[in-house]
$ cat final_26.csv   # CSV, C-alpha atoms
chain,number,residue,atom,x,y,z
A,29,MET,CA,92.0,93.7,-38.3
A,30,GLU,CA,94.8,91.6,-36.9
A,31,ILE,CA,95.6,90.6,-33.4
A,32,ILE,CA,98.0,93.1,-31.8
A,33,ASN,CA,101.7,92.0,-31.8
A,34,LEU,CA,104.3,92.1,-29.0
A,35,LEU,CA,105.9,95.3,-30.2
A,36,VAL,CA,102.6,97.2,-29.9
A,37,ILE,CA,101.8,95.8,-26.5
A,38,GLU,CA,105.2,96.8,-25.2
A,39,GLY,CA,104.7,100.3,-26.7
A,40,VAL,CA,101.4,100.7,-24.9
A,41,ALA,CA,103.0,99.5,-21.6
A,42,VAL,CA,105.7,102.1,-22.0
A,43,THR,CA,103.2,104.8,-22.7
A,44,TRP,CA,101.2,103.7,-19.7
A,45,ARG,CA,104.1,104.1,-17.4
A,46,MET,CA,105.1,107.5,-18.7
A,47,LEU,CA,101.5,108.8,-18.3
A,48,TRP,CA,101.3,107.6,-14.8
A,49,MET,CA,104.8,108.0,-13.4
A,50,ASN,CA,103.6,110.8,-11.2
A,51,ARG,CA,101.2,108.4,-9.5
A,52,ILE,CA,103.6,105.5,-9.0
A,53,ALA,CA,104.7,106.6,-5.6
A,54,PHE,CA,101.2,106.9,-4.3
A,55,VAL,CA,100.1,103.6,-5.8
A,56,GLY,CA,103.1,101.9,-4.4
A,57,ILE,CA,102.4,103.1,-0.9
A,58,VAL,CA,98.8,101.9,-1.1
A,59,ILE,CA,100.1,98.4,-2.1
A,60,VAL,CA,102.4,98.4,0.9
A,61,LEU,CA,99.4,99.1,3.1
A,62,GLY,CA,98.2,95.6,2.2
A,63,MET,CA,95.1,96.3,0.2
A,64,ALA,CA,93.8,92.9,-0.6
A,65,SER,CA,92.1,93.1,-3.9
A,66,ALA,CA,94.0,92.7,-7.2
A,67,MET,CA,92.2,95.8,-8.5
A,68,SER,CA,93.7,98.0,-5.8
A,69,GLN,CA,97.2,96.7,-6.6
A,70,ALA,CA,97.0,97.3,-10.3
A,71,ASP,CA,98.1,100.2,-12.4
A,72,SER,CA,94.9,102.0,-13.1
A,73,MET,CA,93.6,105.0,-15.0
A,74,ARG,CA,90.3,106.6,-15.9
A,75,ALA,CA,89.0,106.0,-19.4
A,76,ARG,CA,86.0,106.1,-21.7
A,77,CYS,CA,84.5,102.7,-22.7
A,78,GLY,CA,82.0,101.8,-25.4
A,79,PHE,CA,80.9,98.9,-27.5
A,80,SER,CA,80.6,98.3,-31.2
A,81,ALA,CA,79.5,95.3,-33.3
A,82,THR,CA,82.7,95.5,-35.4
A,83,ALA,CA,86.3,96.7,-35.0
A,84,ASP,CA,85.9,99.2,-37.9
A,85,ALA,CA,83.1,101.2,-36.4
A,86,SER,CA,83.6,103.4,-33.3
A,87,PRO,CA,81.0,103.1,-30.5
A,88,ALA,CA,77.9,105.3,-30.9
A,89,SER,CA,78.2,106.3,-27.2
A,90,ASN,CA,80.6,105.6,-24.3
A,91,ALA,CA,80.7,105.9,-20.6
A,92,SER,CA,83.3,106.6,-17.9
A,93,CYS,CA,85.3,103.5,-16.8
A,94,THR,CA,88.5,102.4,-15.0
A,95,PHE,CA,91.1,100.4,-16.8
A,96,SER,CA,93.6,98.4,-14.7
A,97,GLN,CA,96.5,96.2,-15.6
A,98,ARG,CA,98.9,94.1,-13.5
A,99,GLN,CA,101.3,91.4,-14.6
A,100,GLY,CA,99.3,90.8,-17.8
A,101,PHE,CA,95.8,90.6,-16.1
A,102,ILE,CA,93.4,93.3,-17.2
A,103,SER,CA,90.3,94.7,-15.4
A,104,VAL,CA,87.8,97.1,-17.1
A,105,ARG,CA,85.1,98.5,-14.8
A,106,ILE,CA,82.4,100.6,-16.4
A,107,ASP,CA,80.7,103.1,-14.0
A,108,GLY,CA,77.2,101.8,-13.3
A,109,GLY,CA,77.7,99.0,-15.8
A,110,ARG,CA,79.5,95.8,-16.6
A,111,ASP,CA,82.8,94.6,-15.2
A,112,PHE,CA,85.3,92.6,-17.2
A,113,GLU,CA,88.3,90.5,-16.0
A,114,PHE,CA,90.7,89.3,-18.7
A,115,SER,CA,93.4,86.7,-17.9
A,116,PRO,CA,96.2,86.0,-20.4
A,117,THR,CA,96.2,82.6,-22.0
A,118,GLY,CA,98.5,80.6,-24.3
A,119,ASP,CA,101.9,81.8,-25.6
A,120,ALA,CA,100.7,84.4,-28.2
A,121,PRO,CA,100.4,87.9,-26.9
A,122,GLY,CA,97.0,89.6,-26.9
A,123,ASN,CA,95.1,86.3,-26.1
A,124,TYR,CA,92.8,86.3,-23.0
A,125,VAL,CA,89.9,84.6,-21.4
A,126,ASP,CA,87.2,86.5,-19.6
A,127,GLN,CA,85.6,85.6,-16.2
A,128,GLN,CA,83.3,83.1,-18.0
A,129,GLY,CA,86.3,81.4,-19.6
A,130,LYS,CA,85.4,82.7,-23.1
A,131,SER,CA,88.1,83.9,-25.6
A,132,VAL,CA,89.0,87.6,-25.8
A,133,TYR,CA,91.5,89.2,-28.1
A,134,ARG,CA,93.3,92.5,-27.9
A,135,LEU,CA,93.4,94.1,-31.4
A,136,ALA,CA,95.6,96.8,-32.9
A,137,GLY,CA,94.0,100.0,-34.2
A,138,LEU,CA,93.8,102.5,-31.4
A,139,GLY,CA,97.5,103.1,-30.8
A,140,ASP,CA,98.2,105.5,-28.0
A,141,ALA,CA,94.5,106.6,-27.9
A,142,GLY,CA,93.5,103.4,-26.0
A,143,GLN,CA,92.9,99.7,-26.4
A,144,LEU,CA,90.5,97.6,-28.4
A,145,PHE,CA,89.2,94.1,-27.4
A,146,ARG,CA,87.2,91.6,-29.4
A,147,LEU,CA,84.7,90.0,-27.0
A,148,PRO,CA,82.6,86.9,-27.7
A,149,ASP,CA,79.6,89.1,-28.6
A,150,SER,CA,81.0,92.6,-29.5
A,151,HIS,CA,84.0,94.8,-29.4
A,152,LEU,CA,85.1,96.8,-26.4
A,153,TYR,CA,86.8,100.2,-27.0
A,154,VAL,CA,88.8,101.7,-24.1
A,155,PHE,CA,89.8,105.3,-24.8
A,156,TRP,CA,92.3,106.9,-22.4
A,157,ASP,CA,90.6,109.8,-20.7
A,158,ARG,CA,93.8,111.8,-19.9
A,159,ASP,CA,92.7,115.3,-19.7
A,160,SER,CA,89.1,115.7,-18.8
A,161,TRP,CA,89.5,114.4,-15.2
A,162,ARG,CA,92.4,116.6,-14.2
A,163,CYS,CA,93.8,120.2,-14.5
A,164,ASP,CA,97.2,121.5,-13.4
A,165,ARG,CA,98.1,124.8,-11.7
A,166,GLN,CA,98.4,126.8,-15.0
A,167,GLN,CA,95.1,125.6,-16.3
A,168,ILE,CA,93.3,126.5,-13.1
A,169,ALA,CA,94.8,130.0,-13.2
A,170,THR,CA,93.9,130.6,-16.8
A,171,PRO,CA,90.2,131.5,-17.5
A,172,GLY,CA,88.5,128.9,-19.6
A,173,GLN,CA,91.3,126.4,-19.5
A,174,CYS,CA,90.2,124.0,-16.7
A,175,THR,CA,87.0,122.1,-17.6
A,176,LEU,CA,86.5,118.7,-15.8
A,177,ARG,CA,84.0,116.4,-17.5
A,178,HIS,CA,82.1,113.3,-16.6
A,179,ASP,CA,79.6,112.1,-19.1
A,180,ALA,CA,77.1,115.0,-19.6
A,181,LEU,CA,78.4,116.9,-16.6
A,182,GLY,CA,81.0,119.7,-16.9
A,183,PHE,CA,82.8,121.8,-14.3
A,184,ASP,CA,84.7,124.9,-15.0
A,185,VAL,CA,87.3,125.5,-12.2
A,186,GLU,CA,89.0,128.9,-12.1
A,187,VAL,CA,90.9,131.1,-9.8
A,188,THR,CA,89.1,134.5,-9.6
A,189,GLY,CA,91.0,137.3,-7.8
A,190,GLU,CA,93.8,136.5,-5.3
A,191,ARG,CA,92.0,134.3,-2.8
A,192,SER,CA,88.8,133.0,-4.5
A,193,LEU,CA,88.1,129.8,-6.5
A,194,SER,CA,85.1,129.6,-8.8
A,195,VAL,CA,83.3,126.4,-9.8
A,196,ARG,CA,80.6,126.6,-12.6
A,197,SER,CA,78.7,123.5,-13.6
A,198,THR,CA,76.8,122.4,-16.6
A,199,GLY,CA,74.5,119.4,-17.0
A,200,LEU,CA,73.0,119.4,-13.5
A,201,SER,CA,69.2,119.4,-13.3
A,202,PRO,CA,68.1,121.9,-12.3
A,203,ALA,CA,71.0,124.2,-13.3
A,204,ALA,CA,73.3,125.1,-10.3
A,205,ASP,CA,74.6,128.5,-9.5
A,206,GLU,CA,78.3,129.3,-9.5
A,207,LEU,CA,80.1,128.2,-6.3
A,208,LEU,CA,82.8,130.4,-4.8
A,209,ALA,CA,85.4,129.2,-2.2
A,210,GLU,CA,88.1,131.0,-0.4
A,211,LEU,CA,91.7,130.0,-1.2
A,212,ASP,CA,94.3,129.7,1.5
A,213,GLY,CA,97.2,129.7,-1.0
A,214,THR,CA,97.7,128.4,-4.5
A,215,ALA,CA,95.4,125.9,-6.2
A,216,TYR,CA,97.9,123.6,-7.9
A,217,GLN,CA,95.6,120.7,-9.1
A,218,ALA,CA,92.0,119.9,-9.7
A,219,GLU,CA,90.6,116.5,-10.5
A,220,LEU,CA,87.4,114.4,-10.6
A,221,ALA,CA,86.9,111.1,-8.8
A,222,ASP,CA,84.1,108.9,-7.6
A,223,LEU,CA,85.4,107.7,-4.2
A,224,ASP,CA,82.1,106.3,-3.0
A,225,ALA,CA,81.4,104.6,-6.4
A,226,ASP,CA,77.8,105.9,-6.6
A,227,GLY,CA,78.2,106.8,-10.3
A,228,TRP,CA,78.4,110.6,-9.6
A,229,PRO,CA,81.7,112.4,-9.4
A,230,GLU,CA,83.3,114.6,-6.8
A,231,ILE,CA,85.6,117.6,-7.5
A,232,TYR,CA,88.8,117.9,-5.5
A,233,VAL,CA,91.0,121.0,-5.7
A,234,TYR,CA,94.4,120.8,-3.9
A,235,VAL,CA,95.8,124.0,-2.4
A,236,SER,CA,99.3,124.8,-1.0
A,237,SER,CA,99.8,127.8,1.3
A,238,THR,CA,102.4,130.5,0.6
A,239,GLY,CA,105.5,130.6,2.6
A,240,SER,CA,108.1,128.0,3.6
A,241,GLY,CA,105.6,125.7,5.2
A,242,SER,CA,103.5,125.0,2.1
A,243,TYR,CA,100.6,123.7,4.3
A,244,GLY,CA,98.1,121.8,2.3
A,245,SER,CA,94.3,122.3,2.2
A,246,LEU,CA,91.4,121.0,0.2
A,247,ILE,CA,88.4,122.5,-1.6
A,248,ALA,CA,86.0,119.7,-2.6
A,249,PHE,CA,82.4,119.3,-3.8
A,250,ALA,CA,80.2,116.2,-4.4
A,251,VAL,CA,77.5,115.8,-7.0
A,252,ASN,CA,74.2,114.8,-5.4
A,253,GLN,CA,72.4,112.4,-7.9
A,254,GLY,CA,73.0,114.8,-10.8
A,255,LYS,CA,71.0,117.6,-9.2
A,256,SER,CA,73.3,119.7,-7.0
A,257,LEU,CA,76.7,120.2,-5.6
A,258,SER,CA,77.5,120.0,-1.9
A,259,PRO,CA,80.8,120.8,-0.1
A,260,ILE,CA,83.0,118.0,1.2
A,261,TYR,CA,84.4,118.5,4.6
A,262,LEU,CA,88.1,117.6,5.4
A,263,PRO,CA,88.5,117.5,9.2
A,264,PRO,CA,91.5,119.4,10.7
A,265,LEU,CA,94.5,117.3,11.1
A,266,LYS,CA,94.5,117.8,14.8
A,267,GLN,CA,91.4,115.6,15.0
A,268,THR,CA,93.6,112.7,14.2
A,269,PRO,CA,96.1,112.7,17.1
A,270,GLU,CA,98.4,110.1,15.7
A,271,ALA,CA,98.9,112.3,12.5
A,272,VAL,CA,99.8,115.6,14.1
A,273,LYS,CA,103.2,114.8,15.8
A,274,GLY,CA,106.0,116.1,13.6
A,275,TYR,CA,103.8,117.8,11.1
A,276,MET,CA,105.1,121.0,9.6
A,277,GLY,CA,103.3,121.2,6.2
A,278,HIS,CA,104.5,120.2,2.8
A,279,ASP,CA,101.4,118.1,2.1
A,280,GLU,CA,100.7,116.3,-1.1
A,281,PHE,CA,97.3,115.1,-2.2
A,282,ALA,CA,96.2,112.5,-4.8
A,283,VAL,CA,93.3,110.2,-5.6
A,284,VAL,CA,94.4,106.6,-5.5
A,285,GLU,CA,91.7,104.1,-6.4
A,286,ASN,CA,88.7,104.8,-4.1
A,287,ASN,CA,90.6,106.9,-1.6
A,288,LEU,CA,92.0,110.3,-1.2
A,289,VAL,CA,95.6,110.1,-0.1
A,290,ARG,CA,97.5,112.8,1.8
A,291,ARG,CA,101.2,112.5,2.7
A,292,PHE,CA,103.8,114.8,4.2
A,293,PRO,CA,107.3,114.6,5.8
A,294,ILE,CA,107.7,114.0,9.5
A,295,TYR,CA,109.9,116.4,11.4
A,296,ALA,CA,112.0,115.6,14.5
A,297,ALA,CA,112.2,118.2,17.2
A,298,SER,CA,115.6,119.4,16.0
A,299,ASP,CA,114.8,119.6,12.3
A,300,THR,CA,114.5,122.8,10.3
A,301,ASN,CA,111.6,123.3,8.0
A,302,ALA,CA,113.8,122.5,5.0
A,303,ALA,CA,115.2,119.2,6.3
A,304,ALA,CA,112.7,116.6,7.7
A,305,SER,CA,114.5,113.5,9.0
A,306,ALA,CA,111.8,111.3,10.6
A,307,GLY,CA,110.3,109.8,7.5
A,308,THR,CA,106.9,110.2,5.8
A,309,ARG,CA,103.4,109.9,7.1
A,310,GLN,CA,100.4,109.0,4.9
A,311,LEU,CA,96.7,109.4,5.6
A,312,GLN,CA,94.1,107.5,3.6
A,313,TYR,CA,90.6,109.0,3.5
A,314,ARG,CA,87.3,107.5,2.5
A,315,LEU,CA,84.2,109.5,1.5
A,316,GLU,CA,81.2,109.2,3.8
A,317,LYS,CA,77.7,110.7,4.0
A,318,GLY,CA,77.5,112.7,7.2
A,319,GLU,CA,74.6,114.2,9.0
A,320,ALA,CA,75.0,117.6,7.4
A,321,GLY,CA,76.8,116.6,4.2
A,322,TRP,CA,79.8,114.8,2.9
A,323,VAL,CA,82.9,114.0,5.0
A,324,LEU,CA,86.3,112.6,4.3
A,325,ALA,CA,87.0,110.2,7.2
A,326,VAL,CA,90.5,108.9,8.0
A,327,ASP,CA,90.7,105.2,7.1
A,328,ARG,CA,94.3,104.5,7.8
A,329,VAL,CA,97.5,106.2,8.9
A,330,VAL,CA,100.9,104.8,8.1
A,331,GLU,CA,104.6,105.9,8.4
A,332,PHE,CA,107.5,104.8,6.3

$ encode --input "final_26.csv" --output "C-alpha cells"
Amino acid sequence: MEIINLLVIEGVAVTWRMLWMNRIAFVGIVIVLGMASAMSQADSMRARCGFSATADASPASNASCTFSQRQGFISVRIDGGRDFEFSPTGDAPGNYVDQQGKSVYRLAGLGDAGQLFRLPDSHLYVFWDRDSWRCDRQQIATPGQCTLRHDALGFDVEVTGERSLSVRSTGLSPAADELLAELDGTAYQAELADLDADGWPEIYVYVSSTGSGSYGSLIAFAVNQGKSLSPIYLPPLKQTPEAVKGYMGHDEFAVVENNLVRRFPIYAASDTNAAASAGTRQLQYRLEKGEAGWVLAVDRVVEF
C-alpha cells in the first residue's frame, strides 16, 4: 500500500466540495459569526470510523464520527471515543503528525468511499456516511425510502396521509411505539444530528408551508439514552423580538456543526412577498434540556 499521491488528494478535495456545496453557505455564515475553534471553521461531514491492524483488512466494527478538513489540517472526532488532530508536515503530500507529534500517513485505497490513515499503532478508516443521516423530500414521501441510521438505531420517517408524519424506530430498548406528528405543509428534508454531543442522535424534519409565504416549521425528536424518543420544542419566532421584524417566511433550516441554523430574507415595509430587499437574518439554536423536555434555545441572531 503506497502513500497517496497529489492527484488523488486533489480528487478527494473536489469530491468533498461537490458533496457539500449545498452546505457551504451555512458554514460560511457560521464562520462570519466568529466561532473561535478551528473545528467549527472547517469543512465537516459525518462519517463512519474504524480501526484495523493492517491496510488490507477492513475494520471489524465502526462508529459514527465527524471528519473535518481546513487548509490541510484534519480532525477526526469519534462519537464517545478518541479525537485525532493531524497537521501536515514536510513537502510530500499525505504526510502528517498527530497531536503527540507522531507520524501519520494518508494512504490510497478507499477512493471516493472515504480516507485511510496509517497511525503509529494501527490504521484508521474513515468511510463517508452520505446517505444514512439525511433524506430528501422524495424519500420522505415514498414509503420505505427514508431510513436514518446511527449505529444500531434506525428511524423510518414517512409522510402518511396529507398532514401526518410517521417516525418508527428500531434499536431502542425497550422498543418504542410509532410516533405521529401533524404536518403544517411539506416535509422537504429529514436528518440526524447530535447537537448536545451526548452520543445519542436527534431527528430533525424541516417543513415548508404551502402558499407564497413558505413559512418554515420543525418536527424534531431526541433519543433519551437509547431508551425512548422525546419531542424537541422550537419556540415561536415571536419569542425572539429581534428576529420578528421584517419576517414573512421563506425559512431554510440546516444543521451546522453543533447548532441548528435557521435563516430567512428580511422584508422592508414596502416589499412584496416575492422581493425582499432588507438582507438576510440567521438564527443559531443550541439544544438544551428543559424542565419538561428538550428545547432549542436561540444562541445568536445576526443579519447580513

$ residues_around --input "final_26.csv" --residues "A:Leu207" --least-positions-apart "3" --cutoff "10 Å" --atoms "only C-alpha atoms" --output "MDAnalysis selection string"
chainID A and resid 185 193:197 204 249 257:259

$ residues_around --input "final_26.csv" --residues "A:Leu220" --least-positions-apart "2" --cutoff "9 Å" --atoms "all atoms listed in the file" --output "short mmCIF file (atom, residue, chain, number, x, y, z; two decimals) with C-alpha atoms, in the frame of the given file"
data_model
loop_
_atom_site.label_atom_id
_atom_site.label_comp_id
_atom_site.auth_asym_id
_atom_site.auth_seq_id
_atom_site.Cartn_x
_atom_site.Cartn_y
_atom_site.Cartn_z
CA SER A 160 89.10 115.70 -18.80
CA TRP A 161 89.50 114.40 -15.20
CA ARG A 162 92.40 116.60 -14.20
CA LEU A 176 86.50 118.70 -15.80
CA ARG A 177 84.00 116.40 -17.50
CA HIS A 178 82.10 113.30 -16.60
CA ALA A 218 92.00 119.90 -9.70
CA ASP A 222 84.10 108.90 -7.60
CA PRO A 229 81.70 112.40 -9.40
CA GLU A 230 83.30 114.60 -6.80
CA ILE A 231 85.60 117.60 -7.50
CA TYR A 232 88.80 117.90 -5.50
CA VAL A 233 91.00 121.00 -5.70
CA VAL A 283 93.30 110.20 -5.60
#

$ closest_atom_pairs --input "final_26.csv" --of "stretch 111-187 of chain A" --to "stretch 91-104 of chain A" --cutoff "12 Å" --atoms "all atoms listed in the file" --output "Markdown table"
| residue | atom | partner | partner_atom | distance |
| --- | --- | --- | --- | --- |
| A:Asp111 | CA | A:Val104 | CA | 5.9 |
| A:Phe112 | CA | A:Val104 | CA | 5.1 |
| A:Glu113 | CA | A:Ser103 | CA | 4.7 |
| A:Phe114 | CA | A:Ile102 | CA | 5.1 |
| A:Ser115 | CA | A:Phe101 | CA | 4.9 |
| A:Pro116 | CA | A:Gly100 | CA | 6.3 |
| A:Thr117 | CA | A:Gly100 | CA | 9.7 |
| A:Pro121 | CA | A:Gly100 | CA | 9.6 |
| A:Gly122 | CA | A:Gly100 | CA | 9.5 |
| A:Asn123 | CA | A:Gly100 | CA | 10.3 |
| A:Tyr124 | CA | A:Phe101 | CA | 8.7 |
| A:Val125 | CA | A:Phe101 | CA | 9.9 |
| A:Asp126 | CA | A:Ile102 | CA | 9.5 |
| A:Gln127 | CA | A:Ser103 | CA | 10.3 |
| A:Val132 | CA | A:Ile102 | CA | 11.2 |
| A:Tyr133 | CA | A:Ile102 | CA | 11.8 |
| A:Arg134 | CA | A:Ile102 | CA | 10.7 |
| A:Gly142 | CA | A:Phe95 | CA | 10.0 |
| A:Gln143 | CA | A:Phe95 | CA | 9.8 |
| A:Leu144 | CA | A:Val104 | CA | 11.6 |
| A:Phe145 | CA | A:Val104 | CA | 10.8 |
| A:Leu152 | CA | A:Val104 | CA | 9.7 |
| A:Tyr153 | CA | A:Val104 | CA | 10.4 |
| A:Val154 | CA | A:Phe95 | CA | 7.8 |
| A:Phe155 | CA | A:Cys93 | CA | 9.4 |
| A:Trp156 | CA | A:Phe95 | CA | 8.7 |
| A:Asp157 | CA | A:Ser92 | CA | 8.4 |
| A:Arg158 | CA | A:Thr94 | CA | 11.9 |
| A:Ser160 | CA | A:Ser92 | CA | 10.8 |
| A:Trp161 | CA | A:Ser92 | CA | 10.3 |
| A:Arg177 | CA | A:Ser92 | CA | 9.8 |
| A:His178 | CA | A:Ser92 | CA | 6.9 |
| A:Asp179 | CA | A:Ala91 | CA | 6.5 |
| A:Ala180 | CA | A:Ala91 | CA | 9.8 |
| A:Leu181 | CA | A:Ser92 | CA | 11.5 |

$ closest_residue --input "final_26.csv" --among "A:Leu211, A:Ala120, A:Leu311, A:Ala303" --to "A:Glu280" --atoms "only C-alpha atoms"
A:Leu311

$ atom_distance --input "final_26.csv" --atom1 "atom CA of A:Phe79" --atom2 "atom CA of A:Ser150"
6.6 Å

$ residues_around --input "final_26.csv" --residues "A:Gln310" --least-positions-apart "2" --cutoff "10 Å" --atoms "all atoms listed in the file" --output "list in words"
Phe54, Ile57, Val58, Ala271, Asp279, Glu280, Phe281, Val289, Arg290, Arg291, Phe292, Pro293, Ile294, Thr308, Gln312, Tyr313, Arg328, Val329, Val330, Glu331 and Phe332 of chain A

$ residues_near_point --input "final_26.csv" --point "(78.3, 102.1, -19.0)" --cutoff "9 Å" --atoms "only C-alpha atoms" --output "VMD selection string"
chain A and resid 77 to 78 90 to 93 105 to 110

$ atom_distance --input "final_26.csv" --atom1 "atom CA of A:Gly189" --atom2 "atom CA of A:Glu210"
10.1 Å

$ atom_distance --input "final_26.csv" --atom1 "atom CA of A:Lys255" --atom2 "atom CA of A:Trp228"
10.2 Å

$ residues_around --input "final_26.csv" --residues "A:Gly213" --least-positions-apart "6" --cutoff "9 Å" --atoms "only C-alpha atoms" --output "PDB file with C-alpha atoms, in the coordinates of the input"
ATOM      1  CA  GLU A 190      93.800 136.500  -5.300  1.00  0.00           C
ATOM      2  CA  ARG A 191      92.000 134.300  -2.800  1.00  0.00           C
ATOM      3  CA  VAL A 235      95.800 124.000  -2.400  1.00  0.00           C
ATOM      4  CA  SER A 236      99.300 124.800  -1.000  1.00  0.00           C
ATOM      5  CA  SER A 237      99.800 127.800   1.300  1.00  0.00           C
ATOM      6  CA  THR A 238     102.400 130.500   0.600  1.00  0.00           C
ATOM      7  CA  SER A 242     103.500 125.000   2.100  1.00  0.00           C
ATOM      8  CA  TYR A 243     100.600 123.700   4.300  1.00  0.00           C
ATOM      9  CA  GLY A 244      98.100 121.800   2.300  1.00  0.00           C
ATOM     10  CA  SER A 245      94.300 122.300   2.200  1.00  0.00           C
TER      11      SER A 245
END

$ decode --input "final_26.csv" --residues "stretch 260-284 of chain A" --atoms "N, CA and C atoms" --output "PDB file, in the first residue's frame"
ATOM      1  N   ILE A 260     -38.747  17.592  20.603  1.00  0.00           N
ATOM      2  CA  ILE A 260     -37.910  18.777  20.793  1.00  0.00           C
ATOM      3  C   ILE A 260     -38.756  19.992  20.443  1.00  0.00           C
ATOM      4  N   TYR A 261     -38.776  20.964  21.331  1.00  0.00           N
ATOM      5  CA  TYR A 261     -39.632  22.137  21.175  1.00  0.00           C
ATOM      6  C   TYR A 261     -38.848  23.282  20.551  1.00  0.00           C
ATOM      7  N   LEU A 262     -39.380  23.826  19.456  1.00  0.00           N
ATOM      8  CA  LEU A 262     -38.827  25.028  18.835  1.00  0.00           C
ATOM      9  C   LEU A 262     -39.746  26.192  19.184  1.00  0.00           C
ATOM     10  N   PRO A 263     -39.303  27.134  20.025  1.00  0.00           N
ATOM     11  CA  PRO A 263     -40.177  28.247  20.432  1.00  0.00           C
ATOM     12  C   PRO A 263     -40.615  29.082  19.232  1.00  0.00           C
ATOM     13  N   PRO A 264     -41.809  29.665  19.300  1.00  0.00           N
ATOM     14  CA  PRO A 264     -42.266  30.549  18.213  1.00  0.00           C
ATOM     15  C   PRO A 264     -41.291  31.701  18.004  1.00  0.00           C
ATOM     16  N   LEU A 265     -41.203  32.140  16.779  1.00  0.00           N
ATOM     17  CA  LEU A 265     -40.262  33.204  16.440  1.00  0.00           C
ATOM     18  C   LEU A 265     -40.559  34.482  17.223  1.00  0.00           C
ATOM     19  N   LYS A 266     -41.825  34.716  17.559  1.00  0.00           N
ATOM     20  CA  LYS A 266     -42.199  35.943  18.260  1.00  0.00           C
ATOM     21  C   LYS A 266     -41.594  36.025  19.658  1.00  0.00           C
ATOM     22  N   GLN A 267     -41.110  34.903  20.191  1.00  0.00           N
ATOM     23  CA  GLN A 267     -40.455  34.936  21.495  1.00  0.00           C
ATOM     24  C   GLN A 267     -39.038  35.503  21.412  1.00  0.00           C
ATOM     25  N   THR A 268     -38.568  35.741  20.202  1.00  0.00           N
ATOM     26  CA  THR A 268     -37.275  36.397  19.994  1.00  0.00           C
ATOM     27  C   THR A 268     -37.547  37.707  19.268  1.00  0.00           C
ATOM     28  N   PRO A 269     -37.824  38.790  20.001  1.00  0.00           N
ATOM     29  CA  PRO A 269     -38.282  40.044  19.380  1.00  0.00           C
ATOM     30  C   PRO A 269     -37.372  40.563  18.275  1.00  0.00           C
ATOM     31  N   GLU A 270     -36.064  40.428  18.452  1.00  0.00           N
ATOM     32  CA  GLU A 270     -35.153  40.965  17.445  1.00  0.00           C
ATOM     33  C   GLU A 270     -35.186  40.171  16.142  1.00  0.00           C
ATOM     34  N   ALA A 271     -35.872  39.008  16.153  1.00  0.00           N
ATOM     35  CA  ALA A 271     -35.918  38.173  14.953  1.00  0.00           C
ATOM     36  C   ALA A 271     -37.188  38.360  14.141  1.00  0.00           C
ATOM     37  N   VAL A 272     -38.212  38.996  14.719  1.00  0.00           N
ATOM     38  CA  VAL A 272     -39.528  39.035  14.081  1.00  0.00           C
ATOM     39  C   VAL A 272     -39.653  40.133  13.033  1.00  0.00           C
ATOM     40  N   LYS A 273     -39.048  41.278  13.264  1.00  0.00           N
ATOM     41  CA  LYS A 273     -39.229  42.416  12.365  1.00  0.00           C
ATOM     42  C   LYS A 273     -38.795  42.065  10.944  1.00  0.00           C
ATOM     43  N   GLY A 274     -39.690  42.279   9.995  1.00  0.00           N
ATOM     44  CA  GLY A 274     -39.385  42.021   8.598  1.00  0.00           C
ATOM     45  C   GLY A 274     -39.509  40.572   8.181  1.00  0.00           C
ATOM     46  N   TYR A 275     -40.058  39.725   9.057  1.00  0.00           N
ATOM     47  CA  TYR A 275     -40.187  38.297   8.729  1.00  0.00           C
ATOM     48  C   TYR A 275     -41.471  38.039   7.953  1.00  0.00           C
ATOM     49  N   MET A 276     -41.338  37.352   6.806  1.00  0.00           N
ATOM     50  CA  MET A 276     -42.502  36.971   6.003  1.00  0.00           C
ATOM     51  C   MET A 276     -42.325  35.560   5.432  1.00  0.00           C
ATOM     52  N   GLY A 277     -41.624  34.702   6.180  1.00  0.00           N
ATOM     53  CA  GLY A 277     -41.481  33.319   5.746  1.00  0.00           C
ATOM     54  C   GLY A 277     -40.232  33.056   4.930  1.00  0.00           C
ATOM     55  N   HIS A 278     -40.310  32.013   4.086  1.00  0.00           N
ATOM     56  CA  HIS A 278     -39.200  31.559   3.237  1.00  0.00           C
ATOM     57  C   HIS A 278     -38.005  31.097   4.084  1.00  0.00           C
ATOM     58  N   ASP A 279     -38.302  30.374   5.172  1.00  0.00           N
ATOM     59  CA  ASP A 279     -37.251  29.878   6.061  1.00  0.00           C
ATOM     60  C   ASP A 279     -36.459  28.745   5.411  1.00  0.00           C
ATOM     61  N   GLU A 280     -35.201  28.629   5.813  1.00  0.00           N
ATOM     62  CA  GLU A 280     -34.360  27.479   5.484  1.00  0.00           C
ATOM     63  C   GLU A 280     -33.708  26.999   6.771  1.00  0.00           C
ATOM     64  N   PHE A 281     -33.666  25.666   6.961  1.00  0.00           N
ATOM     65  CA  PHE A 281     -33.037  25.069   8.134  1.00  0.00           C
ATOM     66  C   PHE A 281     -31.856  24.210   7.702  1.00  0.00           C
ATOM     67  N   ALA A 282     -30.871  24.078   8.585  1.00  0.00           N
ATOM     68  CA  ALA A 282     -29.764  23.146   8.367  1.00  0.00           C
ATOM     69  C   ALA A 282     -29.026  22.954   9.680  1.00  0.00           C
ATOM     70  N   VAL A 283     -28.449  21.774   9.856  1.00  0.00           N
ATOM     71  CA  VAL A 283     -27.556  21.523  10.983  1.00  0.00           C
ATOM     72  C   VAL A 283     -26.147  21.889  10.552  1.00  0.00           C
ATOM     73  N   VAL A 284     -25.508  22.763  11.315  1.00  0.00           N
ATOM     74  CA  VAL A 284     -24.132  23.169  11.055  1.00  0.00           C
ATOM     75  C   VAL A 284     -23.341  22.978  12.341  1.00  0.00           C
TER      76      VAL A 284
END
